[in-house]
$ cat query_10.txt   # compact mmCIF, C-alpha atoms and all ligand atoms
# COMPACT_ATOMS: atom_id res chain seq x y z
CA MET A 1 0.00 0.00 0.00
CA ASN A 2 1.24 3.50 -0.80
CA ASN A 3 0.79 5.32 2.51
CA PHE A 4 0.97 8.75 0.92
CA LEU A 5 -1.80 8.17 -1.64
CA ASN A 6 -3.78 6.20 0.88
CA SER A 7 -3.61 9.12 3.36
CA LEU A 8 -4.97 11.48 0.71
CA ASP A 9 -7.83 9.04 0.04
CA ILE A 10 -8.67 8.69 3.72
CA ILE A 11 -8.86 12.45 4.20
CA LYS A 12 -11.04 12.87 1.09
CA LYS A 13 -13.25 9.99 2.14
CA TYR A 14 -13.95 11.45 5.57
CA GLN A 15 -14.40 15.04 4.50
CA ASP A 16 -18.08 15.76 4.97
CA SER A 17 -20.02 17.07 1.95
CA SER A 18 -20.23 20.39 3.85
CA GLY A 19 -16.42 20.71 3.64
CA ALA A 20 -15.82 19.94 7.33
CA TYR A 21 -13.18 17.37 8.23
CA VAL A 22 -14.18 15.03 11.02
CA ALA A 23 -11.21 14.57 13.39
CA SER A 24 -11.63 10.80 13.50
CA PRO A 25 -14.65 8.97 12.09
CA ASN A 26 -14.37 5.90 14.32
CA PHE A 27 -13.70 7.40 17.72
CA SER A 28 -16.58 8.15 20.03
CA GLN A 29 -15.44 11.68 20.97
CA TYR A 30 -13.96 12.89 17.69
CA GLY A 31 -16.91 12.99 15.29
CA PHE A 32 -16.58 16.77 15.09
CA CYS A 33 -14.64 19.31 13.10
CA TRP A 34 -11.90 21.14 14.99
CA PHE A 35 -10.51 24.39 13.56
CA ARG A 36 -7.02 23.30 14.65
CA ASP A 37 -6.99 19.79 13.13
CA SER A 38 -8.86 20.85 10.02
CA SER A 39 -6.69 23.83 9.20
CA PHE A 40 -3.58 21.65 9.38
CA ILE A 41 -5.35 18.99 7.29
CA ALA A 42 -6.30 21.56 4.64
CA ARG A 43 -2.67 22.68 4.46
CA ALA A 44 -1.49 19.14 3.72
CA MET A 45 -4.18 18.64 1.09
CA TYR A 46 -3.36 21.92 -0.63
CA ARG A 47 0.36 21.11 -0.66
CA ALA A 48 -0.37 17.68 -2.11
CA GLY A 49 -2.28 19.22 -5.01
CA GLU A 50 -5.77 18.63 -3.58
CA SER A 51 -6.70 22.30 -3.55
CA ILE A 52 -10.43 21.70 -4.13
CA CYS A 53 -10.59 19.61 -0.99
CA ALA A 54 -8.78 22.33 1.00
CA ARG A 55 -10.97 25.08 -0.45
CA LYS A 56 -14.12 23.24 0.61
CA PHE A 57 -12.92 23.37 4.20
CA PHE A 58 -11.98 27.05 3.99
CA ASP A 59 -15.42 27.91 2.58
CA TRP A 60 -17.02 25.96 5.42
CA ALA A 61 -14.87 27.78 8.01
CA VAL A 62 -15.76 31.18 6.55
CA LYS A 63 -19.47 30.36 6.95
CA VAL A 64 -18.94 29.20 10.51
CA ILE A 65 -17.08 32.38 11.45
CA ARG A 66 -19.81 34.52 9.87
CA ASN A 67 -22.41 32.62 11.92
CA ASN A 68 -20.38 33.49 14.99
CA ARG A 69 -20.59 37.23 14.33
CA PRO A 70 -22.96 37.94 17.28
CA ASP A 71 -20.67 36.12 19.72
CA ILE A 72 -17.58 37.81 18.33
CA GLU A 73 -19.28 41.19 18.68
CA LYS A 74 -20.12 40.41 22.29
CA VAL A 75 -16.47 39.62 22.98
CA LEU A 76 -15.34 42.82 21.26
CA LEU A 77 -17.69 44.90 23.40
CA LYS A 78 -16.56 43.40 26.70
CA ASP A 79 -13.77 44.82 28.79
CA LYS A 80 -10.59 42.75 28.32
CA SER A 81 -10.26 42.22 32.07
CA GLU A 82 -13.69 40.57 32.22
CA LEU A 83 -13.02 37.98 29.53
CA THR A 84 -12.47 34.32 30.40
CA HIS A 85 -12.13 31.17 28.31
CA LYS A 86 -15.91 30.80 28.63
CA ASP A 87 -16.31 33.79 26.28
CA LEU A 88 -14.20 32.21 23.54
CA LEU A 89 -15.54 30.73 20.31
CA PRO A 90 -16.03 26.95 20.21
CA THR A 91 -13.11 24.76 19.34
CA ARG A 92 -15.09 22.01 17.64
CA TYR A 93 -18.27 22.03 15.58
CA ARG A 94 -20.75 19.62 14.15
CA VAL A 95 -20.20 19.10 10.41
CA ASP A 96 -23.20 21.33 9.66
CA GLY A 97 -21.30 24.18 11.35
CA SER A 98 -23.41 24.32 14.49
CA ALA A 99 -21.77 24.38 17.88
CA ASN A 100 -22.14 21.35 20.11
CA ASN A 101 -22.98 22.75 23.51
CA ASP A 102 -21.72 20.01 25.77
CA ASP A 103 -19.11 19.97 28.50
CA TRP A 104 -16.12 19.77 26.10
CA PRO A 105 -13.31 22.19 27.03
CA ASN A 106 -14.25 24.53 24.24
CA GLY A 107 -12.41 27.72 25.12
CA GLN A 108 -9.30 27.25 22.98
CA SER A 109 -8.08 30.12 20.86
CA ASP A 110 -5.26 28.58 18.77
CA GLY A 111 -7.44 27.17 15.96
CA TYR A 112 -8.52 30.59 14.73
CA GLY A 113 -4.90 31.73 14.37
CA THR A 114 -4.01 28.48 12.64
CA PHE A 115 -6.94 28.94 10.28
CA LEU A 116 -5.77 32.43 9.24
CA TRP A 117 -2.18 31.28 8.81
CA VAL A 118 -3.09 28.20 6.77
CA ALA A 119 -5.52 30.15 4.58
CA HIS A 120 -2.68 32.51 3.61
CA GLU A 121 -0.28 29.61 3.06
CA CYS A 122 -2.82 28.04 0.72
CA CYS A 123 -3.49 31.30 -1.16
CA TYR A 124 -7.12 31.22 -0.05
CA GLU A 125 -8.54 34.69 0.09
CA VAL A 126 -10.49 34.99 3.32
CA PRO A 127 -13.28 37.53 2.65
CA ALA A 128 -12.36 40.89 4.20
CA ASP A 129 -15.32 40.96 6.63
CA VAL A 130 -14.26 37.57 7.99
CA SER A 131 -10.52 38.24 8.25
CA LYS A 132 -11.31 41.53 9.98
CA MET A 133 -13.51 39.72 12.50
CA VAL A 134 -10.85 37.10 13.18
CA VAL A 135 -8.06 39.67 13.57
CA ASN A 136 -10.15 41.85 15.90
CA TYR A 137 -11.15 38.79 17.87
CA ILE A 138 -7.57 37.54 18.30
CA GLU A 139 -6.32 41.01 19.20
CA LYS A 140 -8.93 41.13 21.93
CA ILE A 141 -8.50 37.65 23.41
CA TRP A 142 -4.85 36.62 23.00
CA GLU A 143 -4.04 37.34 26.64
CA VAL A 144 -7.06 35.45 27.98
CA PRO A 145 -5.95 32.17 29.63
CA CYS A 146 -7.56 29.26 27.80
CA TYR A 147 -7.34 25.53 27.14
CA ASP A 148 -4.26 24.60 25.12
CA ALA A 149 -3.96 22.57 21.93
CA TRP A 150 -4.33 19.42 24.06
CA GLU A 151 -7.50 20.88 25.60
CA GLU A 152 -5.99 21.26 29.04
CA GLY A 153 -4.75 23.93 31.48
CA PRO A 154 -7.44 26.64 31.17
CA GLU A 155 -5.81 28.78 33.84
CA TYR A 156 -2.62 29.45 31.84
CA LEU A 157 -1.32 31.16 28.73
CA HIS A 158 0.19 28.50 26.50
CA THR A 159 3.23 29.19 24.37
CA SER A 160 2.15 27.12 21.36
CA THR A 161 -1.28 28.77 21.44
CA LEU A 162 0.48 32.15 21.27
CA PHE A 163 2.56 30.87 18.34
CA SER A 164 -0.63 29.94 16.46
CA LEU A 165 -2.18 33.35 17.12
CA ALA A 166 0.99 35.24 16.19
CA ALA A 167 1.42 33.19 13.01
CA GLY A 168 -2.13 33.95 11.86
CA LEU A 169 -1.83 37.66 12.59
CA LYS A 170 1.61 37.90 11.01
CA ALA A 171 0.43 36.26 7.79
CA GLN A 172 -2.53 38.64 7.68
CA SER A 173 -0.33 41.67 8.28
CA ILE A 174 2.14 40.69 5.56
CA ALA A 175 -0.68 40.04 3.07
CA THR A 176 -2.54 43.29 3.70
CA GLY A 177 0.20 45.64 4.88
CA GLN A 178 -1.97 46.42 7.92
CA LYS A 179 -0.36 46.48 11.33
CA ASN A 180 -1.69 44.26 14.10
CA CYS A 181 -0.37 43.01 17.42
CA TYR A 182 1.60 39.97 16.25
CA GLU A 183 4.93 41.56 17.19
CA LEU A 184 3.61 42.23 20.66
CA ILE A 185 2.66 38.56 21.05
CA ILE A 186 6.11 37.46 19.92
CA GLN A 187 7.69 39.94 22.30
CA LYS A 188 5.61 38.66 25.18
CA VAL A 189 6.65 35.08 24.39
CA LEU A 190 10.30 36.13 24.36
CA THR A 191 10.11 37.89 27.69
CA GLN A 192 7.68 35.67 29.61
CA HIS A 193 7.69 32.23 27.98
CA THR A 194 11.40 31.36 27.94
CA LYS A 195 13.78 29.88 30.47
CA ASN A 196 17.33 28.56 30.21
CA GLY A 197 17.57 29.75 26.62
CA ARG A 198 14.50 27.85 25.41
CA PHE A 199 10.72 28.13 25.25
CA VAL A 200 8.52 26.79 28.05
CA LYS A 201 5.16 25.01 27.78
CA SER A 202 3.06 27.70 29.46
CA THR A 203 2.91 30.34 32.17
CA GLY A 204 2.27 27.47 34.59
CA ASN A 205 4.88 24.97 33.42
CA ASP A 206 8.59 25.49 32.64
CA CYS A 207 9.07 22.15 30.89
CA VAL A 208 8.84 21.65 27.14
CA ASP A 209 5.84 20.42 25.19
CA SER A 210 6.22 18.95 21.72
CA SER A 211 3.77 21.50 20.33
CA LEU A 212 6.53 24.09 20.84
CA LEU A 213 8.00 22.70 17.61
CA TRP A 214 5.31 24.64 15.77
CA CYS A 215 7.19 27.93 16.23
CA SER A 216 9.60 26.60 13.64
CA TYR A 217 7.63 23.88 11.88
CA PRO A 218 5.27 24.75 10.38
CA TYR A 219 4.84 28.41 11.39
CA ALA A 220 8.45 29.49 10.70
CA LEU A 221 8.14 32.35 13.19
CA TYR A 222 11.88 32.17 13.81
CA SER A 223 14.72 31.78 11.34
CA ASN A 224 16.50 28.45 10.92
CA GLY A 225 19.34 28.33 13.38
CA ASN A 226 17.65 30.51 16.00
CA GLU A 227 19.19 29.58 19.37
CA LEU A 228 15.87 29.44 21.23
CA VAL A 229 14.47 27.05 18.65
CA ILE A 230 17.58 24.86 18.63
CA ASN A 231 17.61 24.65 22.44
CA THR A 232 13.89 23.90 22.56
CA VAL A 233 14.19 21.11 20.00
CA SER A 234 17.17 19.63 21.90
CA GLU A 235 15.15 19.60 25.11
CA ILE A 236 12.18 18.00 23.33
CA GLU A 237 14.53 15.34 21.92
CA ARG A 238 16.12 14.77 25.33
CA THR A 239 12.93 14.49 27.34
CA LEU A 240 10.07 13.56 25.02
CA LYS A 241 11.54 11.47 22.19
CA LYS A 242 11.57 7.71 22.72
CA GLY A 243 12.91 5.96 19.65
CA CYS A 244 11.24 7.77 16.77
CA GLY A 245 8.09 8.63 18.69
CA LEU A 246 7.36 11.93 20.40
CA LYS A 247 5.33 12.28 23.59
CA ARG A 248 3.24 15.42 24.05
CA TYR A 249 4.67 16.40 27.47
CA LEU A 250 6.12 14.71 30.51
CA ASN A 251 3.09 14.48 32.80
CA ASP A 252 0.70 13.38 30.09
CA THR A 253 -1.55 10.48 30.99
CA TYR A 254 -4.01 10.39 28.05
CA PHE A 255 -4.13 6.74 26.88
CA GLY A 256 -0.97 6.25 28.95
CA ALA A 257 0.99 8.85 26.92
CA GLY A 258 2.22 6.89 23.93
CA SER A 259 3.95 8.25 20.84
CA TRP A 260 1.99 10.90 18.96
CA THR A 261 2.20 10.21 15.25
CA LEU A 262 1.41 13.76 14.13
CA LEU A 263 4.05 15.27 16.44
CA SER A 264 6.65 12.74 15.36
CA ALA A 265 5.89 13.66 11.74
CA ASN A 266 6.28 17.35 12.65
CA LEU A 267 9.71 16.65 14.12
CA GLY A 268 10.59 14.77 10.93
CA SER A 269 9.53 17.79 8.87
CA TYR A 270 11.66 20.03 11.09
CA TYR A 271 14.64 17.75 10.43
CA ALA A 272 13.97 17.69 6.69
CA ARG A 273 13.90 21.47 6.59
CA ASN A 274 17.02 21.81 8.68
CA GLY A 275 19.42 19.67 6.68
CA GLU A 276 18.89 16.41 8.60
CA LYS A 277 17.23 14.31 5.93
CA GLU A 278 18.39 10.95 7.30
CA LYS A 279 16.70 11.65 10.65
CA ALA A 280 13.53 12.67 8.80
CA LEU A 281 13.60 9.44 6.81
CA GLU A 282 14.05 7.43 9.97
CA ILE A 283 10.82 8.91 11.39
CA LYS A 284 9.00 8.32 8.11
CA ARG A 285 10.07 4.67 8.11
CA TRP A 286 8.82 4.31 11.69
CA LEU A 287 5.48 5.86 10.75
CA ASP A 288 5.26 3.52 7.75
CA THR A 289 5.47 0.53 10.06
CA ASN A 290 2.58 1.92 12.11
CA PHE A 291 -0.11 2.07 9.43
CA ASP A 292 -2.53 -0.75 10.22
CA SER A 293 -3.92 -3.30 7.75
CA ASN A 294 -6.76 -0.87 6.84
CA GLY A 295 -4.17 1.76 5.99
CA PHE A 296 -5.11 3.79 9.08
CA LEU A 297 -2.73 5.87 11.17
CA ALA A 298 -3.72 6.33 14.80
CA GLU A 299 -3.39 9.38 17.01
CA GLN A 300 -0.93 7.57 19.26
CA ILE A 301 1.11 4.40 19.11
CA ALA A 302 0.83 2.68 22.48
CA GLU A 303 4.58 2.17 23.01
CA ASN A 304 7.06 3.40 25.62
CA LEU A 305 4.13 4.64 27.68
CA LEU A 306 4.94 7.35 30.22
CA ALA A 307 1.90 6.42 32.31
CA PRO A 308 1.23 2.72 31.56
CA ASP A 309 -1.42 2.46 34.27
CA MET A 310 -3.54 5.02 32.48
CA TYR A 311 -3.84 3.15 29.18
CA GLU A 312 -6.65 0.74 30.11
CA PRO A 313 -8.78 3.30 31.97
CA TRP A 314 -8.94 5.45 28.84
CA VAL A 315 -9.75 2.46 26.62
CA LYS A 316 -12.55 1.58 29.01
CA ARG A 317 -13.82 5.13 28.97
CA TRP A 318 -13.68 6.00 25.26
CA GLY A 319 -12.65 2.86 23.34
CA ASN A 320 -9.41 2.25 21.40
CA ILE A 321 -7.09 5.12 20.48
CA ALA A 322 -8.57 7.22 17.66
CA SER A 323 -7.75 5.73 14.27
CA PRO A 324 -7.66 6.94 11.58
CA LEU A 325 -6.84 10.40 12.90
CA LEU A 326 -7.10 12.69 9.90
CA TRP A 327 -4.63 15.20 11.34
CA ALA A 328 -2.05 12.38 11.70
CA HIS A 329 -2.52 11.42 8.05
CA ALA A 330 -2.11 15.09 7.13
CA GLU A 331 1.20 15.45 8.97
CA TYR A 332 2.42 12.22 7.38
CA ILE A 333 1.64 13.76 3.99
CA ASN A 334 3.51 16.93 5.00
CA LEU A 335 6.49 14.88 6.13
CA CYS A 336 6.65 13.05 2.78
CA LEU A 337 6.51 16.39 0.94
CA ASP A 338 9.14 17.98 3.18
CA ILE A 339 11.49 15.02 2.65
CA GLN A 340 10.89 15.19 -1.10
CA ASN A 341 11.70 18.92 -1.14
CA SER A 342 14.79 18.63 1.06
C1 LIG B 1 -6.16 16.49 21.06
C2 LIG B 1 -6.47 17.75 20.27
C3 LIG B 1 -7.20 17.42 18.99
C4 LIG B 1 -8.41 16.52 19.25
C5 LIG B 1 -9.03 16.03 17.96
C6 LIG B 1 -7.43 15.69 21.25
O1 LIG B 1 -7.12 14.52 21.94
O2 LIG B 1 -5.62 16.82 22.32
O3 LIG B 1 -5.28 18.41 19.93
O4 LIG B 1 -7.60 18.60 18.37
O5 LIG B 1 -8.00 15.40 19.99
O6 LIG B 1 -8.12 15.37 17.16
$ encode --input "query_10.txt" --output "structure tokens" --more "lines below"
Ligand code: BGC
Amino acid sequence: MNNFLNSLDIIKKYQDSSGAYVASPNFSQYGFCWFRDSSFIARAMYRAGESICARKFFDWAVKVIRNNRPDIEKVLLKDKSELTHKDLLPTRYRVDGSANNDDWPNGQSDGYGTFLWVAHECCYEVPADVSKMVVNYIEKIWEVPCYDAWEEGPEYLHTSTLFSLAAGLKAQSIATGQKNCYELIIQKVLTQHTKNGRFVKSTGNDCVDSSLLWCSYPYALYSNGNELVINTVSEIERTLKKGCGLKRYLNDTYFGAGSWTLLSANLGSYYARNGEKEKALEIKRWLDTNFDSNGFLAEQIAENLLAPDMYEPWVKRWGNIASPLLWAHAEYINLCLDIQNS
């Protein structure tokens, strides 16, 4: 089986006719469309030549943001000091674009920055009324503590969330020539989210998190060779890389904290773009061995678990690890393309 072509097919197969990508069709909790996952998925599809598929998602996202206008206006009218994560836009939607009002930790801001950044990367012109709403929204809420990309830690500001917001605003500013606060966000990260010459996970945790990779890959907020990036990657390799697989962070317990396929692919892409092709190929080969007989790639590979006792309880609660995870297939596609271009 050709894992690259197969990954494209899986993503196309599970894209809803509305344009929404379901995070994982077979997993009880993931039958929704996340702005974060889907933006990254659209990027991979666009890069692989599937621009119609990517465009369908962008069109869907534009509609969803327009539907959110009343809520965005409410946020814009509020005093910054009164805002909490409960005021933020949803992180995941039903495929018809409606919000699912359950107890999911919805207040996560990163996906809207990722959406803006990816749309620019994919030459998708976000209508001016929508990009204006998103920029105003991000400018208002970026300092509001919220759940991170792993849907945890609502009391903190998370460094990778700030990277996503800064990347989206920066792309928008470059495209339009209009100033916004992205430099302020980057400045804040430099002064308050670093320690020992590297980035930290959040205002509440000085350790690294593999999502910190995103400052370099894919967002390229810092130049290749930047000391902070190099030191952060070294610390991620030292503490979170077991074999070829990357853990999310040290105290993770979700499904026992196995190896995250999408993060491992991201590290491979970082290597490919930084002159370390052999290391990128090694990760690709490891991923290749982890496609199952249906051609599915799971969210995590249950190996070298950091919290082995927590594997079974999660299986009991939600079933087997999500597979296929469309975002994982997307990052595999990106890794193949980055290796090819290196
Ligand atoms: C991850 C999120 C992801 C969601 C859907 C969660 O387990 O922590 O990053 O957006 O799954 O894939």
$ residues_near_point --input "query_10.txt" --point "(12.2, 16.4, 5.9)" --cutoff "7 Å" --atoms "only C-alpha atoms" --output "list in words"
Gly268, Ser269, Tyr270, Tyr271, Ala272, Arg273, Lys277, Ala280, Leu335, Asp338, Ile339 and Ser342 of chain A
$ atom_distance --input "query_10.txt" --atom1 "CA of Trp142 (chain A)" --atom2 "CA of Arg92 (chain A)"
18.6 Å
$ closest_atom_pairs --input "query_10.txt" --of "chain A" --to "ligand LIG 1 (chain B)" --cutoff "9 Å" --atoms "only C-alpha atoms and all ligand atoms" --output "JSON lines"
{"residue": "A:Val22", "atom": "CA", "partner": "B:LIG1", "partner_atom": "O6", "distance": 8.6}
{"residue": "A:Ala23", "atom": "CA", "partner": "B:LIG1", "partner_atom": "O6", "distance": 4.9}
{"residue": "A:Ser24", "atom": "CA", "partner": "B:LIG1", "partner_atom": "O6", "distance": 6.8}
{"residue": "A:Gln29", "atom": "CA", "partner": "B:LIG1", "partner_atom": "C5", "distance": 8.3}
{"residue": "A:Tyr30", "atom": "CA", "partner": "B:LIG1", "partner_atom": "C5", "distance": 5.9}
{"residue": "A:Gly31", "atom": "CA", "partner": "B:LIG1", "partner_atom": "C5", "distance": 8.9}
{"residue": "A:Phe32", "atom": "CA", "partner": "B:LIG1", "partner_atom": "C5", "distance": 8.1}
{"residue": "A:Cys33", "atom": "CA", "partner": "B:LIG1", "partner_atom": "C5", "distance": 8.1}
{"residue": "A:Trp34", "atom": "CA", "partner": "B:LIG1", "partner_atom": "O4", "distance": 6.0}
{"residue": "A:Phe35", "atom": "CA", "partner": "B:LIG1", "partner_atom": "O4", "distance": 8.1}
{"residue": "A:Arg36", "atom": "CA", "partner": "B:LIG1", "partner_atom": "O4", "distance": 6.0}
{"residue": "A:Asp37", "atom": "CA", "partner": "B:LIG1", "partner_atom": "O4", "distance": 5.4}
{"residue": "A:Ser38", "atom": "CA", "partner": "B:LIG1", "partner_atom": "O4", "distance": 8.7}
{"residue": "A:Thr91", "atom": "CA", "partner": "B:LIG1", "partner_atom": "O4", "distance": 8.3}
{"residue": "A:Arg92", "atom": "CA", "partner": "B:LIG1", "partner_atom": "O4", "distance": 8.3}
{"residue": "A:Gly111", "atom": "CA", "partner": "B:LIG1", "partner_atom": "O4", "distance": 8.9}
{"residue": "A:Asp148", "atom": "CA", "partner": "B:LIG1", "partner_atom": "O3", "distance": 8.1}
{"residue": "A:Ala149", "atom": "CA", "partner": "B:LIG1", "partner_atom": "O3", "distance": 4.8}
{"residue": "A:Trp150", "atom": "CA", "partner": "B:LIG1", "partner_atom": "O2", "distance": 3.4}
{"residue": "A:Glu151", "atom": "CA", "partner": "B:LIG1", "partner_atom": "O2", "distance": 5.5}
{"residue": "A:Glu152", "atom": "CA", "partner": "B:LIG1", "partner_atom": "O2", "distance": 8.1}
{"residue": "A:Tyr254", "atom": "CA", "partner": "B:LIG1", "partner_atom": "O1", "distance": 8.0}
{"residue": "A:Glu299", "atom": "CA", "partner": "B:LIG1", "partner_atom": "O6", "distance": 7.6}
{"residue": "A:Ala322", "atom": "CA", "partner": "B:LIG1", "partner_atom": "O6", "distance": 8.2}
{"residue": "A:Leu325", "atom": "CA", "partner": "B:LIG1", "partner_atom": "O6", "distance": 6.7}
{"residue": "A:Leu326", "atom": "CA", "partner": "B:LIG1", "partner_atom": "O6", "distance": 7.8}
{"residue": "A:Trp327", "atom": "CA", "partner": "B:LIG1", "partner_atom": "O6", "distance": 6.8}
{"residue": "A:Ala328", "atom": "CA", "partner": "B:LIG1", "partner_atom": "O6", "distance": 8.7}
$ residues_around --input "query_10.txt" --residues "region 3-10 of chain A" --least-positions-apart "3" --cutoff "8 Å" --atoms "all atoms listed in the file" --output "list in words"
Lys13, Tyr14, Met45, Asp288, Phe291, Gly295, Phe296, Leu326, His329, Ala330, Tyr332, Ile333 and Cys336 of chain A
$ write_last_selection --input "query_10.txt" --atoms "C-alpha atoms" --output "PDB file, in the frame of the given file"
ATOM      1  CA  LYS A  13     -13.250   9.990   2.140  1.00  0.00           C
ATOM      2  CA  TYR A  14     -13.950  11.450   5.570  1.00  0.00           C
ATOM      3  CA  MET A  45      -4.180  18.640   1.090  1.00  0.00           C
ATOM      4  CA  ASP A 288       5.260   3.520   7.750  1.00  0.00           C
ATOM      5  CA  PHE A 291      -0.110   2.070   9.430  1.00  0.00           C
ATOM      6  CA  GLY A 295      -4.170   1.760   5.990  1.00  0.00           C
ATOM      7  CA  PHE A 296      -5.110   3.790   9.080  1.00  0.00           C
ATOM      8  CA  LEU A 326      -7.100  12.690   9.900  1.00  0.00           C
ATOM      9  CA  HIS A 329      -2.520  11.420   8.050  1.00  0.00           C
ATOM     10  CA  ALA A 330      -2.110  15.090   7.130  1.00  0.00           C
ATOM     11  CA  TYR A 332       2.420  12.220   7.380  1.00  0.00           C
ATOM     12  CA  ILE A 333       1.640  13.760   3.990  1.00  0.00           C
ATOM     13  CA  CYS A 336       6.650  13.050   2.780  1.00  0.00           C
TER      14      CYS A 336
END
$ closest_residue --input "query_10.txt" --among "A:Ala42, A:Val144, A:Leu228, A:Ala48" --to "Lys80 (chain A)" --atoms "all atoms listed in the file"
A:Val144
$ residues_near_point --input "query_10.txt" --point "(-2.7, 35.0, 16.7)" --cutoff "12 Å" --atoms "all atoms listed in the file" --output "count of residues only"
45
$ closest_residue --input "query_10.txt" --among "A:Trp286, A:Tyr249, A:Trp260, A:Phe255" --to "Asp309 (chain A)" --atoms "all atoms listed in the file"
A:Phe255
$ atom_distance --input "query_10.txt" --atom1 "CA of Thr253 (chain A)" --atom2 "CA of Met310 (chain A)"
6.0 Å
$ atom_distance --input "query_10.txt" --atom1 "CA of Ala220 (chain A)" --atom2 "CA of Ser323 (chain A)"
29.0 Å
$ residues_around --input "query_10.txt" --residues "region 96-100 of chain A" --least-positions-apart "4" --cutoff "9 Å" --atoms "all atoms listed in the file" --output "list of chain:residue names"
A:Asp16, A:Ser18, A:Ala20, A:Phe32, A:Cys33, A:Trp60, A:Ala61, A:Lys63, A:Val64, A:Asn67, A:Pro90, A:Thr91, A:Arg92, A:Trp104
$ residues_around --input "query_10.txt" --residues "Cys207 (chain A)" --least-positions-apart "5" --cutoff "10 Å" --atoms "only C-alpha atoms" --output "PDB file with C-alpha atoms, in the coordinates of the input"
ATOM      1  CA  THR A 194      11.400  31.360  27.940  1.00  0.00           C
ATOM      2  CA  LYS A 195      13.780  29.880  30.470  1.00  0.00           C
ATOM      3  CA  ARG A 198      14.500  27.850  25.410  1.00  0.00           C
ATOM      4  CA  PHE A 199      10.720  28.130  25.250  1.00  0.00           C
ATOM      5  CA  VAL A 200       8.520  26.790  28.050  1.00  0.00           C
ATOM      6  CA  LYS A 201       5.160  25.010  27.780  1.00  0.00           C
ATOM      7  CA  SER A 202       3.060  27.700  29.460  1.00  0.00           C
ATOM      8  CA  THR A 232      13.890  23.900  22.560  1.00  0.00           C
ATOM      9  CA  GLU A 235      15.150  19.600  25.110  1.00  0.00           C
ATOM     10  CA  ILE A 236      12.180  18.000  23.330  1.00  0.00           C
ATOM     11  CA  THR A 239      12.930  14.490  27.340  1.00  0.00           C
ATOM     12  CA  TYR A 249       4.670  16.400  27.470  1.00  0.00           C
ATOM     13  CA  LEU A 250       6.120  14.710  30.510  1.00  0.00           C
ATOM     14  CA  ASN A 251       3.090  14.480  32.800  1.00  0.00           C
TER      15      ASN A 251
END
$ closest_residue --input "query_10.txt" --among "A:Glu303, A:Glu155, A:Asp292, A:Asp252" --to "His85 (chain A)" --atoms "all atoms listed in the file"
A:Glu155
$ closest_residue --input "query_10.txt" --among "A:Lys247, A:Met1, A:Ile283, A:Leu190" --to "Tyr222 (chain A)" --atoms "all atoms listed in the file"
A:Leu190
$ closest_residue --input "query_10.txt" --among "A:Ile11, A:Val233, A:Ala302, A:Ala307" --to "Cys53 (chain A)" --atoms "only C-alpha atoms"
A:Ile11
$ closest_residue --input "query_10.txt" --among "A:Leu306, A:Tyr156, A:Val229, A:Gly275" --to "Asn341 (chain A)" --atoms "only C-alpha atoms"
A:Gly275
